[in-house]
Structures are given as structure tokens and as C-alpha cells.
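Raw contents of query-v7.cif, mmCIF, C-alpha atoms (C1' of nucleotides):
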```cif
data_work
loop_
_atom_site.label_atom_id
_atom_site.label_comp_id
_atom_site.auth_asym_id
_atom_site.auth_seq_id
_atom_site.Cartn_x
_atom_site.Cartn_y
_atom_site.Cartn_z
CA MET A 1 -23.99 17.82 -12.74
CA ALA A 2 -23.51 17.69 -9.00
CA ARG A 3 -24.09 20.86 -7.04
CA ASP A 4 -21.82 20.67 -4.11
CA PRO A 5 -22.51 23.20 -1.39
CA LYS A 6 -19.04 23.31 0.11
CA GLN A 7 -17.64 26.70 0.86
CA ASN A 8 -15.41 28.54 -1.51
CA PRO A 9 -12.32 29.62 0.39
CA ARG A 10 -11.78 32.65 -1.82
CA GLY A 11 -14.75 34.59 -0.62
CA GLY A 12 -17.30 33.92 -3.35
CA HIS A 13 -20.46 32.12 -2.42
CA ALA A 14 -20.54 28.47 -3.33
CA ASP A 15 -19.15 25.88 -5.65
CA LEU A 16 -21.73 26.48 -8.32
CA HIS A 17 -20.66 26.56 -11.97
CA ALA A 18 -17.41 24.72 -11.41
CA HIS A 19 -16.97 22.75 -14.59
CA ALA A 20 -14.47 19.99 -14.17
CA ILE A 21 -11.84 19.56 -16.83
CA ASP A 22 -11.51 16.46 -18.99
CA ALA A 23 -9.03 14.71 -16.73
CA ASP A 24 -7.98 12.08 -19.25
CA ALA A 25 -7.23 14.58 -21.97
CA VAL A 26 -5.17 16.85 -19.79
CA GLN A 27 -3.34 13.92 -18.24
CA GLY A 28 -2.57 12.71 -21.73
CA ARG A 29 -0.96 16.02 -22.54
CA ALA A 30 1.09 15.91 -19.36
CA ARG A 31 2.21 12.41 -20.11
CA ALA A 32 3.19 13.34 -23.65
CA TYR A 33 5.19 16.30 -22.40
CA ALA A 34 6.98 14.13 -19.87
CA ALA A 35 7.79 11.56 -22.53
CA SER A 36 9.08 14.23 -24.89
CA LYS A 37 11.43 15.46 -22.18
CA GLY A 38 12.42 12.02 -21.03
CA ILE A 39 11.29 12.69 -17.49
CA PRO A 40 8.78 10.69 -15.50
CA PHE A 41 5.14 11.59 -14.98
CA THR A 42 5.28 10.63 -11.35
CA GLN A 43 2.50 9.85 -8.96
CA MET A 44 2.72 13.19 -7.18
CA ARG A 45 2.38 15.00 -10.51
CA GLN A 46 -0.60 12.87 -11.41
CA ARG A 47 -2.27 13.45 -8.10
CA VAL A 48 -1.93 17.23 -8.24
CA LEU A 49 -3.16 17.36 -11.81
CA ALA A 50 -6.07 15.04 -11.11
CA LEU A 51 -7.16 17.12 -8.16
CA LEU A 52 -7.02 20.36 -10.10
CA ALA A 53 -8.83 18.85 -13.07
CA ALA A 54 -11.58 17.47 -10.86
CA SER A 55 -11.99 20.72 -9.00
CA GLY A 56 -12.31 22.82 -12.13
CA LYS A 57 -11.41 25.86 -10.08
CA PRO A 58 -8.23 27.56 -9.03
CA MET A 59 -6.71 26.27 -5.81
CA ALA A 60 -3.94 27.59 -3.63
CA ALA A 61 -0.87 25.40 -3.30
CA TYR A 62 -1.42 24.84 0.40
CA GLU A 63 -5.02 23.94 -0.25
CA ILE A 64 -3.85 21.29 -2.71
CA ALA A 65 -1.37 19.97 -0.17
CA GLU A 66 -4.12 19.67 2.39
CA LYS A 67 -6.52 17.84 0.08
CA LEU A 68 -3.83 15.41 -0.95
CA SER A 69 -2.83 14.63 2.61
CA ASP A 70 -4.05 11.35 3.98
CA ALA A 71 -2.06 9.15 6.34
CA ARG A 72 1.06 10.87 5.03
CA ARG A 73 1.04 14.62 5.10
CA VAL A 74 1.82 16.22 1.74
CA GLN A 75 4.03 19.27 2.18
CA ALA A 76 3.53 22.44 0.19
CA VAL A 77 6.98 22.19 -1.32
CA GLN A 78 6.04 18.92 -2.95
CA VAL A 79 3.01 20.57 -4.47
CA TYR A 80 5.10 23.46 -5.76
CA ARG A 81 7.43 21.00 -7.42
CA ALA A 82 4.58 19.22 -9.14
CA LEU A 83 3.05 22.53 -10.17
CA GLU A 84 6.31 23.61 -11.72
CA PHE A 85 6.32 20.55 -13.93
CA LEU A 86 2.65 20.91 -14.81
CA GLN A 87 3.07 24.54 -15.76
CA GLU A 88 5.96 23.68 -18.04
CA ALA A 89 3.75 21.02 -19.56
CA GLY A 90 1.09 23.66 -20.19
CA CYS A 91 -1.52 21.73 -18.23
CA VAL A 92 -1.75 24.13 -15.34
CA HIS A 93 -1.60 27.90 -15.12
CA ARG A 94 -0.95 30.23 -12.27
CA LEU A 95 -3.48 32.99 -11.67
CA ALA A 96 -1.27 35.91 -10.82
CA SER A 97 -4.09 37.94 -9.37
CA GLN A 98 -4.79 35.29 -6.76
CA SER A 99 -1.63 33.26 -6.41
CA SER A 100 -3.57 30.15 -7.23
CA TYR A 101 -3.36 27.39 -9.80
CA PHE A 102 -5.81 25.72 -12.10
CA ALA A 103 -5.89 22.98 -14.72
CA CYS A 104 -6.26 24.16 -18.24
CA ASP A 105 -8.51 22.68 -20.89
CA HIS A 106 -6.76 23.21 -24.14
CA GLN A 107 -3.51 23.50 -25.92
CA HIS A 108 -2.78 27.12 -26.63
CA GLY A 109 -1.85 28.23 -30.12
CA SER A 110 0.83 30.83 -30.65
CA GLY A 111 -1.00 33.46 -32.69
CA GLU A 112 -3.48 34.11 -29.96
CA THR A 113 -3.40 35.36 -26.42
CA VAL A 114 -5.28 33.47 -23.77
CA VAL A 115 -7.52 35.47 -21.49
CA PHE A 116 -8.41 34.09 -18.08
CA MET A 117 -11.78 35.31 -16.91
CA VAL A 118 -12.08 34.98 -13.17
CA CYS A 119 -15.47 35.29 -11.54
CA SER A 120 -15.20 37.25 -8.34
CA GLN A 121 -18.44 35.71 -7.09
CA CYS A 122 -17.93 31.99 -7.55
CA GLY A 123 -14.23 31.83 -8.33
CA ALA A 124 -14.60 29.89 -11.55
CA VAL A 125 -12.19 30.55 -14.36
CA GLN A 126 -12.97 30.47 -18.07
CA GLU A 127 -10.33 30.65 -20.74
CA ALA A 128 -10.71 32.23 -24.12
CA ALA A 129 -8.18 32.94 -26.81
CA SER A 130 -8.27 36.30 -28.50
CA ASN A 131 -6.68 37.35 -31.69
CA LEU A 132 -7.58 40.94 -31.09
CA VAL A 133 -5.86 41.02 -27.72
CA ALA A 134 -2.79 39.42 -29.25
CA ARG A 135 -2.69 42.07 -31.94
CA GLY A 136 -3.19 44.81 -29.39
CA LEU A 137 -0.30 43.54 -27.31
CA LEU A 138 1.95 43.27 -30.34
CA GLY A 139 0.94 46.77 -31.27
CA VAL A 140 1.87 48.45 -28.00
CA ALA A 141 5.04 46.38 -27.81
CA LYS A 142 6.11 47.40 -31.27
CA THR A 143 5.41 51.05 -30.55
CA SER A 144 7.60 50.87 -27.47
CA GLY A 145 10.35 48.78 -29.03
CA PHE A 146 9.51 46.10 -26.51
CA LYS A 147 10.06 42.45 -27.30
CA PRO A 148 7.11 40.53 -25.89
CA LEU A 149 7.76 37.12 -24.41
CA HIS A 150 5.08 36.10 -22.00
CA PRO A 151 1.68 37.80 -21.69
CA ILE A 152 -0.45 37.62 -18.58
CA VAL A 153 -4.04 38.57 -19.22
CA GLU A 154 -6.59 38.14 -16.49
CA LEU A 155 -10.03 39.61 -16.39
CA GLU A 156 -11.83 39.85 -13.09
CA GLY A 157 -15.57 40.14 -13.27
CA GLU A 158 -18.77 38.19 -12.99
CA CYS A 159 -19.49 35.02 -14.90
CA ALA A 160 -22.72 34.37 -16.76
CA SER A 161 -24.20 32.12 -14.08
CA CYS A 162 -23.48 34.48 -11.20
CA ASN A 163 -24.73 37.38 -13.23
CA SER A 164 -28.08 35.74 -13.97
CA GLN A 165 -28.81 34.38 -10.51
CA PRO A 166 -27.38 37.09 -8.36
CA ALA A 167 -27.11 37.29 -4.58
CA ARG A 168 -28.50 33.74 -4.21
CA MET B 1 20.45 60.87 -17.27
CA ALA B 2 22.24 59.27 -14.36
CA ARG B 3 23.32 55.68 -14.77
CA ASP B 4 23.27 54.24 -11.34
CA PRO B 5 25.01 50.89 -11.04
CA LYS B 6 23.22 49.62 -8.00
CA GLN B 7 21.99 46.06 -8.19
CA ASN B 8 18.50 45.18 -9.21
CA PRO B 9 17.06 42.89 -6.53
CA ARG B 10 14.78 41.14 -8.99
CA GLY B 11 17.40 39.31 -10.95
CA GLY B 12 18.00 41.57 -13.92
CA HIS B 13 21.35 43.15 -14.33
CA ALA B 14 21.51 46.80 -13.33
CA ASP B 15 19.51 49.91 -12.82
CA LEU B 16 19.87 51.06 -16.37
CA HIS B 17 16.87 52.56 -18.16
CA ALA B 18 14.97 53.35 -14.99
CA HIS B 19 13.11 56.49 -15.90
CA ALA B 20 11.94 58.30 -12.85
CA ILE B 21 8.38 59.52 -12.84
CA ASP B 22 7.41 63.18 -12.62
CA ALA B 23 7.13 63.26 -8.87
CA ASP B 24 5.31 66.58 -8.68
CA ALA B 25 2.66 65.59 -11.17
CA VAL B 26 1.90 62.28 -9.55
CA GLN B 27 1.91 63.81 -6.11
CA GLY B 28 -0.54 66.40 -7.37
CA ARG B 29 -2.90 63.67 -8.46
CA ALA B 30 -2.61 61.94 -5.11
CA ARG B 31 -3.31 65.17 -3.32
CA ALA B 32 -6.31 65.89 -5.50
CA TYR B 33 -7.71 62.42 -4.85
CA ALA B 34 -7.24 62.85 -1.13
CA ALA B 35 -8.97 66.21 -1.22
CA SER B 36 -11.86 64.80 -3.23
CA LYS B 37 -12.37 62.11 -0.61
CA GLY B 38 -11.83 64.38 2.31
CA ILE B 39 -8.97 62.30 3.65
CA PRO B 40 -5.45 63.47 4.41
CA PHE B 41 -2.46 63.01 2.17
CA THR B 42 -0.24 62.09 5.09
CA GLN B 43 3.50 62.06 5.36
CA MET B 44 3.76 58.28 5.09
CA ARG B 45 1.74 58.34 1.89
CA GLN B 46 3.95 61.07 0.51
CA ARG B 47 7.12 59.25 1.41
CA VAL B 48 6.06 55.99 -0.20
CA LEU B 49 4.91 57.75 -3.34
CA ALA B 50 8.05 59.88 -3.55
CA LEU B 51 10.26 56.83 -3.22
CA LEU B 52 8.40 54.91 -5.91
CA ALA B 53 8.36 57.90 -8.23
CA ALA B 54 12.07 58.48 -7.81
CA SER B 55 12.90 54.84 -8.33
CA GLY B 56 10.89 54.54 -11.52
CA LYS B 57 10.83 50.80 -11.05
CA PRO B 58 8.66 48.34 -9.23
CA MET B 59 9.58 47.72 -5.62
CA ALA B 60 8.44 45.12 -3.14
CA ALA B 61 6.60 46.42 -0.09
CA TYR B 62 9.31 45.23 2.28
CA GLU B 63 11.94 46.86 0.10
CA ILE B 64 10.08 50.15 0.42
CA ALA B 65 9.86 49.71 4.17
CA GLU B 66 13.57 49.17 4.35
CA LYS B 67 14.47 52.20 2.24
CA LEU B 68 12.20 54.42 4.30
CA SER B 69 13.64 53.26 7.58
CA ASP B 70 16.03 55.62 9.29
CA ALA B 71 16.22 56.11 13.02
CA ARG B 72 12.69 54.82 13.22
CA ARG B 73 12.03 51.51 11.54
CA VAL B 74 9.15 51.60 9.06
CA GLN B 75 7.09 48.43 9.30
CA ALA B 76 5.74 46.69 6.22
CA VAL B 77 2.18 47.10 7.39
CA GLN B 78 2.57 50.85 7.27
CA VAL B 79 3.76 50.59 3.70
CA TYR B 80 0.84 48.38 2.75
CA ARG B 81 -1.52 50.94 4.18
CA ALA B 82 0.04 53.72 2.18
CA LEU B 83 0.04 51.57 -0.95
CA GLU B 84 -3.63 50.88 -0.51
CA PHE B 85 -4.38 54.57 -0.55
CA LEU B 86 -2.07 55.22 -3.48
CA GLN B 87 -3.63 52.45 -5.52
CA GLU B 88 -7.09 53.85 -4.90
CA ALA B 89 -5.76 57.19 -6.00
CA GLY B 90 -4.52 55.60 -9.21
CA CYS B 91 -0.96 56.75 -8.61
CA VAL B 92 0.48 53.34 -7.93
CA HIS B 93 -0.20 49.95 -9.43
CA ARG B 94 0.54 46.46 -8.26
CA LEU B 95 2.37 44.18 -10.64
CA ALA B 96 0.59 40.90 -10.10
CA SER B 97 3.30 38.88 -11.77
CA GLN B 98 5.87 40.05 -9.25
CA SER B 99 3.93 41.20 -6.21
CA SER B 100 5.57 44.57 -6.46
CA TYR B 101 4.41 48.13 -6.74
CA PHE B 102 5.28 51.04 -8.95
CA ALA B 103 4.30 54.66 -9.47
CA CYS B 104 2.30 55.35 -12.54
CA ASP B 105 2.75 58.21 -14.93
CA HIS B 106 -0.64 59.02 -16.25
CA GLN B 107 -4.30 59.12 -15.62
CA HIS B 108 -5.99 56.19 -17.29
CA GLY B 109 -9.01 56.68 -19.49
CA SER B 110 -11.88 54.23 -19.42
CA GLY B 111 -12.15 53.17 -23.06
CA GLU B 112 -8.68 51.74 -23.07
CA THR B 113 -6.87 48.96 -21.31
CA VAL B 114 -3.50 49.66 -19.82
CA VAL B 115 -0.72 47.23 -20.60
CA PHE B 116 2.26 46.97 -18.28
CA MET B 117 5.39 45.92 -20.10
CA VAL B 118 7.91 44.50 -17.68
CA CYS B 119 11.48 44.01 -18.79
CA SER B 120 12.83 40.77 -17.45
CA GLN B 121 16.38 42.04 -17.83
CA CYS B 122 16.36 45.41 -16.11
CA GLY B 123 13.02 45.28 -14.34
CA ALA B 124 11.75 48.55 -15.77
CA VAL B 125 8.06 48.92 -16.47
CA GLN B 126 6.48 50.84 -19.29
CA GLU B 127 2.79 51.52 -19.55
CA ALA B 128 0.78 51.80 -22.71
CA ALA B 129 -2.94 52.05 -23.28
CA SER B 130 -4.46 49.95 -26.01
CA ASN B 131 -7.79 50.27 -27.61
CA LEU B 132 -7.36 47.03 -29.44
CA VAL B 133 -6.71 45.08 -26.26
CA ALA B 134 -9.75 46.66 -24.68
CA ARG B 135 -11.88 45.61 -27.61
CA GLY B 136 -10.43 42.12 -27.54
CA LEU B 137 -11.23 41.75 -23.87
CA LEU B 138 -14.76 43.00 -24.37
CA GLY B 139 -15.12 40.58 -27.23
CA VAL B 140 -14.17 37.44 -25.33
CA ALA B 141 -16.20 38.58 -22.34
CA LYS B 142 -19.28 39.13 -24.45
CA THR B 143 -18.89 35.75 -26.13
CA SER B 144 -18.74 34.08 -22.73
CA GLY B 145 -21.47 36.14 -21.13
CA PHE B 146 -18.89 37.44 -18.73
CA LYS B 147 -19.19 40.88 -17.18
CA PRO B 148 -15.71 42.39 -17.14
CA LEU B 149 -14.78 44.57 -14.19
CA HIS B 150 -11.05 44.78 -13.72
CA PRO B 151 -8.48 43.74 -16.35
CA ILE B 152 -4.90 42.81 -15.49
CA VAL B 153 -2.64 42.90 -18.51
CA GLU B 154 1.07 42.42 -18.04
CA LEU B 155 3.58 41.67 -20.72
CA GLU B 156 6.91 40.20 -19.76
CA GLY B 157 9.69 40.64 -22.24
CA GLU B 158 12.70 42.72 -23.07
CA CYS B 159 12.69 46.47 -23.25
CA ALA B 160 14.23 48.43 -26.09
CA SER B 161 17.36 49.36 -24.19
CA CYS B 162 18.10 45.86 -22.98
CA ASN B 163 17.36 44.50 -26.38
CA SER B 164 19.82 46.79 -28.11
CA GLN B 165 22.71 46.44 -25.70
CA PRO B 166 22.37 42.82 -24.67
CA ALA B 167 24.37 40.84 -22.15
CA ARG B 168 26.23 43.99 -21.05
"C1'" DC C 1 25.86 -7.68 -11.62
"C1'" DT C 2 27.67 -3.58 -9.61
"C1'" DC C 3 28.37 0.94 -9.50
"C1'" DC C 4 27.46 5.40 -10.65
"C1'" DA C 5 24.81 9.57 -12.08
"C1'" DG C 6 20.69 12.14 -12.35
"C1'" DG C 7 16.19 12.96 -10.73
"C1'" DG C 8 12.58 12.65 -7.54
"C1'" DT C 9 11.03 12.43 -2.66
"C1'" DG C 10 10.47 13.56 2.14
"C1'" DT C 11 11.57 16.61 5.68
"C1'" DA C 12 12.94 20.70 8.09
"C1'" DA C 13 13.92 25.28 7.99
"C1'" DT C 14 13.46 29.75 6.27
"C1'" DA C 15 12.34 33.62 3.20
"C1'" DT C 16 8.82 36.59 1.34
"C1'" DT C 17 4.31 38.68 0.96
"C1'" DA C 18 0.18 40.24 3.35
"C1'" DT C 19 -3.25 40.94 7.03
"C1'" DA C 20 -5.34 41.22 11.88
"C1'" DA C 21 -5.78 43.35 16.22
"C1'" DC C 22 -5.35 47.05 19.34
"C1'" DA C 23 -3.87 50.98 22.05
"C1'" DA C 24 -2.29 55.60 21.52
"C1'" DA C 25 -1.93 59.98 18.86
"C1'" DC C 26 -4.01 63.26 15.74
"C1'" DG C 27 -7.49 66.40 13.70
"C1'" DT C 28 -11.63 68.35 12.99
"C1'" DC C 29 -16.21 69.47 13.92
"C1'" DC C 30 -19.25 71.06 17.45
"C1'" DG D 1 -12.52 71.42 25.52
"C1'" DG D 2 -14.81 66.99 24.22
"C1'" DA D 3 -16.41 63.47 20.96
"C1'" DC D 4 -15.75 61.08 16.95
"C1'" DG D 5 -13.38 59.11 13.20
"C1'" DT D 6 -9.06 58.21 11.10
"C1'" DT D 7 -4.12 57.37 11.10
"C1'" DT D 8 -0.16 55.60 13.39
"C1'" DG D 9 2.99 52.50 15.67
"C1'" DT D 10 3.53 48.01 17.26
"C1'" DT D 11 3.09 43.07 17.78
"C1'" DA D 12 1.64 39.00 16.11
"C1'" DT D 13 0.23 35.88 12.70
"C1'" DA D 14 -1.44 34.15 8.25
"C1'" DA D 15 -0.47 32.88 3.53
"C1'" DT D 16 2.68 32.13 -0.20
"C1'" DA D 17 7.12 30.37 -1.84
"C1'" DT D 18 11.96 28.76 -1.78
"C1'" DT D 19 16.41 26.61 -0.03
"C1'" DA D 20 18.94 22.85 1.71
"C1'" DC D 21 19.98 18.27 2.37
"C1'" DA D 22 19.79 13.36 3.12
"C1'" DC D 23 17.75 9.46 1.11
"C1'" DC D 24 15.95 6.60 -2.50
"C1'" DC D 25 14.85 5.09 -6.91
"C1'" DT D 26 15.94 3.90 -11.74
"C1'" DG D 27 18.50 3.31 -15.77
"C1'" DG D 28 22.79 2.99 -18.25
"C1'" DA D 29 28.06 2.10 -18.41
"C1'" DG D 30 31.35 -0.86 -17.49
#
```

Could you rewrite the structure in this file as C-alpha cells?
Amino acid sequence: MARDPKQNPRGGHADLHAHAIDADAVQGRARAYAASKGIPFTQMRQRVLALLAASGKPMAAYEIAEKLSDARRVQAVQVYRALEFLQEAGCVHRLASQSSYFACDHQHGSGETVVFMVCSQCGAVQEAASNLVARGLLGVAKTSGFKPLHPIVELEGECASCNSQPAR
Amino acid sequence: MARDPKQNPRGGHADLHAHAIDADAVQGRARAYAASKGIPFTQMRQRVLALLAASGKPMAAYEIAEKLSDARRVQAVQVYRALEFLQEAGCVHRLASQSSYFACDHQHGSGETVVFMVCSQCGAVQEAASNLVARGLLGVAKTSGFKPLHPIVELEGECASCNSQPAR
DNA sequence: CTCCAGGGTGTAATATTATAACAAACGTCC
DNA sequence: GGACGTTTGTTATAATATTACACCCTGGAG
């Protein structure tokens, strides 16, 4: 498990705890989605997904564009286009609290609500599905006569690793 | 209950269902917060809060700046400063999913999590506190060894009014 | 095979959201 | 009144996101 000391652009300390996603699995899901829609899983889409999966942390769109730039400069708009596809495919989510994007481990079921736990120290994101949260949301919606479509549940806080080895 | 046909800038249809907030109550809370901190509840802060309370809907910062501009142009940065104060005071919240701001009805307790229900048709926001959601969040956090600090729970969907009189 | 239609790509421009920096005005405590 | 801390007004700039358009593939119809 490589410990890479590069700086975290979002203000936390370092790139500790970043756990890379299973790139093959997530790419497989993207490919399956593309096939099911009859649209191509193009190189740009692959590159963005691969980068996010390898990073294991949320990245800003412009940051992705920069990392993907080599001889040819990748423009942000190209990244946004790829992200749009990847979000539809369910392989990438947008963190509303930070306007950043990250690759997602698992298929989400429909009876549960996914909670994104964002560590304000190291920037890592963990996902967890909660039945209780889902029921709570349905409850308040029902009470208000509100028809729920898309929940956004993000929890800012401190992850286990940062909590146990504080201040570094 | 006035039905004002002006256009909703966020893509929904019209300004139906907007329920203005009790401006006096919320202003009282802001004033109390200011007093408790020994800082002034200045005119700019009042104006931003009054506008948001009257609107009863989320507004973008630049939209606020525009509405408050008369002879003198109000710059966005001034609005952001006021919003910062108002958020600290708990009178205004930021909708992460839309990067917009709205005045909030009630004091929030600490054992509950507040859910913002955002209607994708008319743009109105309702708040509701949920004990179940709070417990669900604590649950997933505990399981992951995550120390929760600040939850963001937004539910996009269709409000009761839009649901009952669809398509207009 | 050729042509056409639908997407995807590359590029430039622009819109939208948010913050930084700084001098001048204000208020309050002494 | 003077000193300090905050707020204000203003300009500039950073960061995030979308629009527009010409070009290029690729795959199917004819």
C-alpha cells in the first residue's frame, strides 16, 4: 500500500488512506452500461474513469483535465462530457459539497440510500448504504406530500485513520 | 396567498407554492445571534435576509445582488459576506445541489437531522427534521469509524402542489 | 461503394459561482 | 479625539460549468 506524500489540493494534509477502487470492476460496469445504451465507451471516458479509480479520492474536473493532459491539452469541457456519461452509468458521483467527482465502488440498490462520508482532514470518501436513512427520508417526504426522486446525503467529518493519528 | 407569475430562473415553471418565511421571526434570530457575538446586524445583512425571507425560495448569490441593486450596484462579494454571517446565524442555508441560498424557518435541534426537500418543478424548498435519518447517519458513521460533524441531506423531487396539479 | 445521420471530439468563447486584496468609512472603547 | 477592529465598496481574479460550432468518425440504408 503505497504512501504517497503528494499534497492534497483540498486543504487536508496528505494522501494517506486513499484506497483505490477496483478499476477493472468499475470499468466493466461502465462498459456494460454503454453496451446497454448502444453508445461507445470511448477512450476519453476510459481515461477519466481510470484516473478517478486509481486516485480513490474526489477530484475537481479541472484537476482531472490537468492530469490527463500530455502532449495534447485536455480541456475541462471534455472532462465534463465524460463525467456526464460516467455519472449516468453510476460509476462516478458528484460530491455536491465540494463540486468534485469520484469513482464509486458498488452498484447501488434501490431500497437503500447511499451516504457519502467525506473526511475533512484527508479528503477520502467512504460510501455506505443505509436502510434507516432511506426510511427516514421516505418518512419526511410522506409527511410533506413530497415525492422523492433523488437523495443527496453527504456527511462531513473525520475518517477513522485521521481520527486515530491526528495532527500528524 | 398571492400567485405571482414571474419566471423561476432555475428551470421549473412558475413561482407557485413559494411560501414566504416569517421575516420578523427570522430577523429576530439573526439579531439575537449578532448580539450574542457582539457584532452588528448591518443593513446589508438585513437586506439580504429580508429578500430571501420574502422570496421563500432559494436564490443564487448573483441573483440576490441584482435584486438588491438600485442606484448603487450591489456586488456579489457583498452578498457573499452577508450570506456568510447569515449562515453562521443559522438563518440561511446553502443548497449544495444548486449552489443557492434560502432563508430558513426554524431553529434546528441537535438530535435531529434536517432534510431539505427541493421541488424540481417549482424550486420551492421545504425543511423537515428527522430523527430516523439522524440515527441512520450515526449508524453508518459508527460502523465505519467515522466521526460525523456536518450532515448535508437534500432530497430532490416533486412537492405536493406540483404533484397534484401537474404540467400546468 | 457511397452517402447520410448521429455521436463524439477538439477548440474557443462565455456564463456562473466564489474568493482575494486593499483602501476608505464606521463605531466603540479609552 | 485617537486607536483599534470590523465592515464596506471596489477591482481583480480564481474556480466551476456550459454553449456553440466545425470537424471527424462509424455504422447502416440504399

Find the residues of chain B in contact range of chain C, meaning any atom within 12 Å when counting only C-alpha atoms (C1' of nucleotides), and list them as a ChimeraX atom specification. /B:38-40,42,60-63,76-81,84,96,98-100

Save out the residues we just selected, C-alpha atoms, as a PDB file, in the coordinates of the input.
```pdb
ATOM      1  CA  GLY B  38     -11.830  64.380   2.310  1.00  0.00           C
ATOM      2  CA  ILE B  39      -8.970  62.300   3.650  1.00  0.00           C
ATOM      3  CA  PRO B  40      -5.450  63.470   4.410  1.00  0.00           C
ATOM      4  CA  THR B  42      -0.240  62.090   5.090  1.00  0.00           C
ATOM      5  CA  ALA B  60       8.440  45.120  -3.140  1.00  0.00           C
ATOM      6  CA  ALA B  61       6.600  46.420  -0.090  1.00  0.00           C
ATOM      7  CA  TYR B  62       9.310  45.230   2.280  1.00  0.00           C
ATOM      8  CA  GLU B  63      11.940  46.860   0.100  1.00  0.00           C
ATOM      9  CA  ALA B  76       5.740  46.690   6.220  1.00  0.00           C
ATOM     10  CA  VAL B  77       2.180  47.100   7.390  1.00  0.00           C
ATOM     11  CA  GLN B  78       2.570  50.850   7.270  1.00  0.00           C
ATOM     12  CA  VAL B  79       3.760  50.590   3.700  1.00  0.00           C
ATOM     13  CA  TYR B  80       0.840  48.380   2.750  1.00  0.00           C
ATOM     14  CA  ARG B  81      -1.520  50.940   4.180  1.00  0.00           C
ATOM     15  CA  GLU B  84      -3.630  50.880  -0.510  1.00  0.00           C
ATOM     16  CA  ALA B  96       0.590  40.900 -10.100  1.00  0.00           C
ATOM     17  CA  GLN B  98       5.870  40.050  -9.250  1.00  0.00           C
ATOM     18  CA  SER B  99       3.930  41.200  -6.210  1.00  0.00           C
ATOM     19  CA  SER B 100       5.570  44.570  -6.460  1.00  0.00           C
TER      20      SER B 100
END
```

Run through the PyMOL selection byres ((chain D) within 12 of (chain B)) on the given coordinates and return the selected residues as a PyMOL selection string. chain D and resi 5-12+16

Write down, as a PyMOL selection string, each residue of chain A that has any atom within 7 Å of an atom of chain B, counting all atoms listed in the file. chain A and resi 96-97+128+130+132-133+136-137+140+145-160

Please report the interatomic distance between CA of Gln107 in chain A and CA of Glu66 in chain A in Å with one decimal. 28.6 Å

Atomic distance C1' of DC21 in chain D - CA of Gln43 in chain A, expressed in Å with one decimal: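 Rounded to one decimal, the two atoms are 22.5 Å apart.
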
Translate the PyMOL selection byres ((chain A and resi 41) around 12) into a concrete residue list for this structure, as a ChimeraX atom specification. /A:27-40,42-49,82,85-86,89 /C:7-8

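Taking only C-alpha atoms (C1' of nucleotides), the non-local environment of Cys91 in chain B within 7 Å (same-chain residues fewer than 6 positions away omitted) comprises B:Val26, B:Ala30, B:Ala103, B:Cys104.
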
How would you write, as a ChimeraX atom specification, the residues chosen by the PyMOL selection byres ((chain B and resi 52) around 9) on this structure? /B:20-21,23,47-51,53-59,64,92,101-103

In Å, with one decimal, what is the gap from CA of His108 in chain A to CA of His93 in chain A?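 CA of His93 in chain A lies at a distance of 11.6 Å from CA of His108 in chain A.
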